[in-house]
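Student: Once you've had a glance at the structure underneath, I'll fire off some questions.
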Amino acid sequence: MMVCEYKPGLEGIPAAQSSISYVDGQKGILEYRGIRIEELAEKSTFLETAYLLIWGELPSKQELQAFEHEVLHHRRIKYRIRDMMKCFPESGHPMDALQASAAALGLFYSLRDLHNPAYIRDSVVRLIATIPTMVAAFQLMRKGNDPVRPRDDLDYSANFLYMLNEQEPDPLAARIFDICLILQVEHTMNASTFSARVTASTLTDPYAVVASAVGTLGGPLHGGANEEVIQMLEEIGSVENVRPYVEDRLQRKAKIMGCGHRVYKVKDPRATILQSLAEQLFEKFGHDKFYDIALEVERVVEEKLGSKGIFPNVDFYSGLVYRKMGIPTDLFTPIFAIARVAGWLAHWKEQLAENRIFRPTQIYNGAHEVRYLPIDQR
Ligand code: ACO
């Protein structure tokens, strides 16, 4: 057997062959099925981009309408799921609530027919349609309110914001939210996608695949960083405090949240688009002083860490966009999951098409031939 060099974090080790997305970390390029994200952010919608990623091509007008129609008609969640969610502690993190709810969906659809395209399509539609409803339902229930029903006259993103805030969103905010979902939907072999593919490779159901990926996305080194960025900006408090804050953290070898990336060695192209979306929101709905602090953090980080290739990543400005929309900080990562579920499902489908169960190896560095010591001799 070939012995490979051990790479912590599997850095640089290909875990799959994939045609879903492509990143050039030196040039700051991200493509979905070969199309640059800048173009999709300008011209596409989240559901169209999800279709592109999962089925490999942009849909025709009829295909898109059919997909949108199916998603629209699967947005309600079963009352038993709602009742289960009512028992969740309101102090619990919404990512944990989402992980449990996504896994619970599998209880209702336990028939597994992984080689049937109709099963794949139904599962894709159901997950993309219900994840936002579950996120919004938990948000209302933890405030002591009943969840609201999805509104059939609102599109995907506008409906989510409506279910979250119980009022129809401003059209600009809804469009910007939709673009945020496009930017967060997919990103090659990151930790949660790897997690999804490992789970998929066992031929379990797609609800378990999504639940495992949600659990992985929640950590502060991955999707959870967007929450921590806002906490960091709150802690800094003013533009003058930025430099001493950054210097102090670097001295203590602590990370600056929302900066740095395993692949990008330049500014993440998603951060650039999110920054311009944040600016559009500030222009229409008023300035946010946290933006000035963020700009200064970016400046100081570039000065101190630019030579190491550390610049803002996708999480750096997404929180500022969601904050301006009045979304609570602990929902930023569940919103990331609303988007990313389509990327995970694209990888699920791709994994099934050429499956081999993941079974890496390890380098054992423990003891051998150790004798069992009876308990009274330890
Ligand atoms: N602040 C300060 N220094 C950093 C940062 C940062 N945010 N990121 C990396 N570095 C430094 C490390 O200290 C290390 O320095 P050294 O070589 O002198 O020891 C060097 O850059 C390499 O860093 P690693 O952590 O080894 O890089 P890795 O590729 O393993 O990690 C990661 C990438 C996890 C994203 C890291 O940059 C990080 O922790 N960033 C902050 C958390 C964050 O924003 N996560 C979101 C990532 S995007 C996403 O998941 C959606």
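Every chain in the structure tokens has a letter given in the order shown (A, B, ...), and although residue numbers restart at 1 in each chain, ligands are simply numbered from 1 in the order shown.
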For ligand 1, collect every residue having any atom at a distance of at most 8 Å from a ligand atom (counting only C-alpha atoms and all ligand atoms); output as a PDB file with N, CA and C atoms, in the first residue's frame.

Tutor:
```pdb
ATOM      1  N   GLY A   9      -5.575  18.342   8.662  1.00  0.00           N
ATOM      2  CA  GLY A   9      -6.689  19.046   8.008  1.00  0.00           C
ATOM      3  C   GLY A   9      -6.833  18.652   6.543  1.00  0.00           C
ATOM      4  N   GLU A  11      -5.068  19.171   4.173  1.00  0.00           N
ATOM      5  CA  GLU A  11      -4.760  20.308   3.299  1.00  0.00           C
ATOM      6  C   GLU A  11      -4.173  19.830   1.968  1.00  0.00           C
ATOM      7  N   ASN A 190     -15.222  22.239   1.217  1.00  0.00           N
ATOM      8  CA  ASN A 190     -15.025  22.801   2.555  1.00  0.00           C
ATOM      9  C   ASN A 190     -15.451  21.753   3.602  1.00  0.00           C
ATOM     10  N   ALA A 191     -15.326  22.131   4.889  1.00  0.00           N
ATOM     11  CA  ALA A 191     -15.561  21.129   5.951  1.00  0.00           C
ATOM     12  C   ALA A 191     -16.980  20.556   5.923  1.00  0.00           C
ATOM     13  N   LEU A 217     -21.183  22.852   9.815  1.00  0.00           N
ATOM     14  CA  LEU A 217     -21.150  24.281   9.446  1.00  0.00           C
ATOM     15  C   LEU A 217     -21.160  25.191  10.683  1.00  0.00           C
ATOM     16  N   PRO A 220     -17.136  27.693  14.910  1.00  0.00           N
ATOM     17  CA  PRO A 220     -16.611  29.047  14.708  1.00  0.00           C
ATOM     18  C   PRO A 220     -15.493  29.150  13.669  1.00  0.00           C
ATOM     19  N   LEU A 221     -14.863  28.037  13.319  1.00  0.00           N
ATOM     20  CA  LEU A 221     -13.846  28.138  12.263  1.00  0.00           C
ATOM     21  C   LEU A 221     -14.471  28.015  10.883  1.00  0.00           C
ATOM     22  N   HIS A 222     -15.763  27.729  10.834  1.00  0.00           N
ATOM     23  CA  HIS A 222     -16.434  27.555   9.531  1.00  0.00           C
ATOM     24  C   HIS A 222     -17.569  28.589   9.474  1.00  0.00           C
ATOM     25  N   GLY A 223     -18.804  28.153   9.290  1.00  0.00           N
ATOM     26  CA  GLY A 223     -19.903  29.110   9.106  1.00  0.00           C
ATOM     27  C   GLY A 223     -20.160  29.984  10.319  1.00  0.00           C
ATOM     28  N   GLY A 224     -19.817  29.471  11.510  1.00  0.00           N
ATOM     29  CA  GLY A 224     -20.094  30.218  12.729  1.00  0.00           C
ATOM     30  C   GLY A 224     -19.284  31.495  12.864  1.00  0.00           C
ATOM     31  N   ALA A 225     -18.323  31.713  11.957  1.00  0.00           N
ATOM     32  CA  ALA A 225     -17.461  32.898  12.074  1.00  0.00           C
ATOM     33  C   ALA A 225     -18.251  34.190  11.852  1.00  0.00           C
ATOM     34  N   ASN A 226     -19.346  34.142  11.086  1.00  0.00           N
ATOM     35  CA  ASN A 226     -20.074  35.397  10.817  1.00  0.00           C
ATOM     36  C   ASN A 226     -20.678  36.002  12.084  1.00  0.00           C
ATOM     37  N   VAL A 229     -17.859  37.660  14.023  1.00  0.00           N
ATOM     38  CA  VAL A 229     -17.415  38.945  13.469  1.00  0.00           C
ATOM     39  C   VAL A 229     -18.205  40.074  14.134  1.00  0.00           C
ATOM     40  N   ARG A 249      -4.642  41.022  19.810  1.00  0.00           N
ATOM     41  CA  ARG A 249      -5.001  39.636  19.428  1.00  0.00           C
ATOM     42  C   ARG A 249      -3.827  38.938  18.744  1.00  0.00           C
ATOM     43  N   LEU A 250      -3.171  39.670  17.864  1.00  0.00           N
ATOM     44  CA  LEU A 250      -2.068  39.025  17.131  1.00  0.00           C
ATOM     45  C   LEU A 250      -0.934  38.655  18.083  1.00  0.00           C
ATOM     46  N   LYS A 253      -1.613  35.551  19.673  1.00  0.00           N
ATOM     47  CA  LYS A 253      -1.781  34.486  18.659  1.00  0.00           C
ATOM     48  C   LYS A 253      -3.242  34.091  18.486  1.00  0.00           C
ATOM     49  N   ALA A 254      -4.132  35.056  18.702  1.00  0.00           N
ATOM     50  CA  ALA A 254      -5.564  34.793  18.497  1.00  0.00           C
ATOM     51  C   ALA A 254      -5.935  35.232  17.080  1.00  0.00           C
ATOM     52  N   LYS A 255      -6.991  34.635  16.534  1.00  0.00           N
ATOM     53  CA  LYS A 255      -7.396  34.934  15.159  1.00  0.00           C
ATOM     54  C   LYS A 255      -8.292  36.181  15.100  1.00  0.00           C
ATOM     55  N   ILE A 256      -8.267  36.831  13.963  1.00  0.00           N
ATOM     56  CA  ILE A 256      -9.220  37.908  13.689  1.00  0.00           C
ATOM     57  C   ILE A 256     -10.356  37.256  12.909  1.00  0.00           C
ATOM     58  N   MET A 257     -11.544  37.233  13.491  1.00  0.00           N
ATOM     59  CA  MET A 257     -12.624  36.460  12.878  1.00  0.00           C
ATOM     60  C   MET A 257     -13.060  37.086  11.552  1.00  0.00           C
ATOM     61  N   GLY A 258     -13.474  36.210  10.633  1.00  0.00           N
ATOM     62  CA  GLY A 258     -13.913  36.690   9.315  1.00  0.00           C
ATOM     63  C   GLY A 258     -12.745  36.969   8.375  1.00  0.00           C
ATOM     64  N   CYS A 259     -11.534  36.632   8.814  1.00  0.00           N
ATOM     65  CA  CYS A 259     -10.363  36.850   7.958  1.00  0.00           C
ATOM     66  C   CYS A 259      -9.595  35.543   7.808  1.00  0.00           C
ATOM     67  N   GLY A 260      -8.963  35.409   6.670  1.00  0.00           N
ATOM     68  CA  GLY A 260      -8.167  34.210   6.415  1.00  0.00           C
ATOM     69  C   GLY A 260      -9.014  33.117   5.783  1.00  0.00           C
ATOM     70  N   HIS A 261      -8.364  32.296   4.997  1.00  0.00           N
ATOM     71  CA  HIS A 261      -9.070  31.218   4.319  1.00  0.00           C
ATOM     72  C   HIS A 261      -8.054  30.185   3.878  1.00  0.00           C
ATOM     73  N   ARG A 262      -8.441  28.909   3.952  1.00  0.00           N
ATOM     74  CA  ARG A 262      -7.535  27.836   3.538  1.00  0.00           C
ATOM     75  C   ARG A 262      -7.155  27.986   2.059  1.00  0.00           C
ATOM     76  N   VAL A 263      -8.101  28.460   1.237  1.00  0.00           N
ATOM     77  CA  VAL A 263      -7.837  28.497  -0.212  1.00  0.00           C
ATOM     78  C   VAL A 263      -7.502  29.911  -0.706  1.00  0.00           C
ATOM     79  N   VAL A 301      -5.776  44.654   9.194  1.00  0.00           N
ATOM     80  CA  VAL A 301      -5.444  43.246   8.912  1.00  0.00           C
ATOM     81  C   VAL A 301      -4.612  43.168   7.633  1.00  0.00           C
ATOM     82  N   LEU A 305      -1.271  41.449   8.079  1.00  0.00           N
ATOM     83  CA  LEU A 305      -1.309  40.042   7.678  1.00  0.00           C
ATOM     84  C   LEU A 305      -1.405  39.822   6.175  1.00  0.00           C
ATOM     85  N   LYS A 308       0.838  37.463   4.544  1.00  0.00           N
ATOM     86  CA  LYS A 308       0.566  36.023   4.775  1.00  0.00           C
ATOM     87  C   LYS A 308      -0.646  35.566   3.967  1.00  0.00           C
ATOM     88  N   GLY A 309      -1.222  36.478   3.181  1.00  0.00           N
ATOM     89  CA  GLY A 309      -2.404  36.111   2.387  1.00  0.00           C
ATOM     90  C   GLY A 309      -3.680  36.080   3.208  1.00  0.00           C
ATOM     91  N   ILE A 310      -3.736  36.890   4.261  1.00  0.00           N
ATOM     92  CA  ILE A 310      -4.957  36.903   5.085  1.00  0.00           C
ATOM     93  C   ILE A 310      -5.754  38.187   4.839  1.00  0.00           C
ATOM     94  N   PRO A 312     -10.254  39.596   4.263  1.00  0.00           N
ATOM     95  CA  PRO A 312     -11.622  39.224   4.641  1.00  0.00           C
ATOM     96  C   PRO A 312     -12.158  38.042   3.826  1.00  0.00           C
ATOM     97  N   ASN A 313     -12.872  37.156   4.514  1.00  0.00           N
ATOM     98  CA  ASN A 313     -13.545  36.044   3.830  1.00  0.00           C
ATOM     99  C   ASN A 313     -15.057  36.323   3.784  1.00  0.00           C
ATOM    100  N   VAL A 314     -15.819  35.339   3.307  1.00  0.00           N
ATOM    101  CA  VAL A 314     -17.265  35.530   3.094  1.00  0.00           C
ATOM    102  C   VAL A 314     -17.982  35.978   4.367  1.00  0.00           C
ATOM    103  N   ASP A 315     -17.471  35.569   5.521  1.00  0.00           N
ATOM    104  CA  ASP A 315     -18.165  35.863   6.770  1.00  0.00           C
ATOM    105  C   ASP A 315     -17.951  37.297   7.258  1.00  0.00           C
ATOM    106  N   PHE A 316     -16.989  37.993   6.669  1.00  0.00           N
ATOM    107  CA  PHE A 316     -16.627  39.292   7.228  1.00  0.00           C
ATOM    108  C   PHE A 316     -17.741  40.331   7.052  1.00  0.00           C
TER     109      PHE A 316
END
```

Student: Just asking: which residues within range 144-332 of chain A are helix (DSSP H, G or I) according to DSSP, as a PyMOL selection string?

Tutor: chain A and resi 156-165+171-184+191-200+206-217+225-236+239-251+269-285+289-308+314-324+329-332

Student: Using 7 Å as the limit and counting only C-alpha atoms, can you tabulate each residue of range 121-168 of chain A that touches range 331-345 of chain A, with its shortest atom-to-atom distance in Å and the two atoms involved, as a tab-separated table?

Tutor:
```
residue	atom	partner	partner_atom	distance
A:Val124	CA	A:Leu345	CA	6.7
A:Ile128	CA	A:Ala342	CA	6.6
A:Ile131	CA	A:Ile338	CA	6.0
A:Pro132	CA	A:Ile338	CA	5.9
A:Val135	CA	A:Pro334	CA	6.8
```

Student: Would you save the residues of that selection, restricted to C-alpha atoms, as a PDB file, in the first residue's frame?

Tutor:
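Saved to result.pdb:
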```pdb
ATOM      1  CA  VAL A 124     -34.036  18.190  -3.049  1.00  0.00           C
ATOM      2  CA  ILE A 128     -34.672  23.410  -0.035  1.00  0.00           C
ATOM      3  CA  ILE A 131     -35.193  24.433   5.790  1.00  0.00           C
ATOM      4  CA  PRO A 132     -36.113  28.174   5.715  1.00  0.00           C
ATOM      5  CA  VAL A 135     -35.372  28.348  10.743  1.00  0.00           C
TER       6      VAL A 135
END
```

Student: Just the number, please: distance in Å from CA of Arg197 in chain A to CA of Ala346 in chain A, one decimal.

Tutor: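 These two atoms are separated by 10.0 Å.
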
Student: Can I get the residues of range 188-214 of chain A within 9 Å of range 13-33 of chain A, each with the closest pair of atoms and their distance in Å to one decimal, using only C-alpha atoms, sorted chain first then ascending number, as a tab-separated table?

Tutor:
```
residue	atom	partner	partner_atom	distance
A:Thr188	CA	A:Ser21	CA	5.6
A:Met189	CA	A:Ala15	CA	7.6
A:Phe194	CA	A:Ala15	CA	7.9
A:Arg197	CA	A:Ala16	CA	8.9
```

Student: Can you pull out the residues contacting Glu166 in chain A? Cut-off 12 Å, using only C-alpha atoms, and skip same-chain residues under 3 positions away; I want them as a ChimeraX atom specification.

Tutor: /A:136-137,139-140,145-151,158-163,169
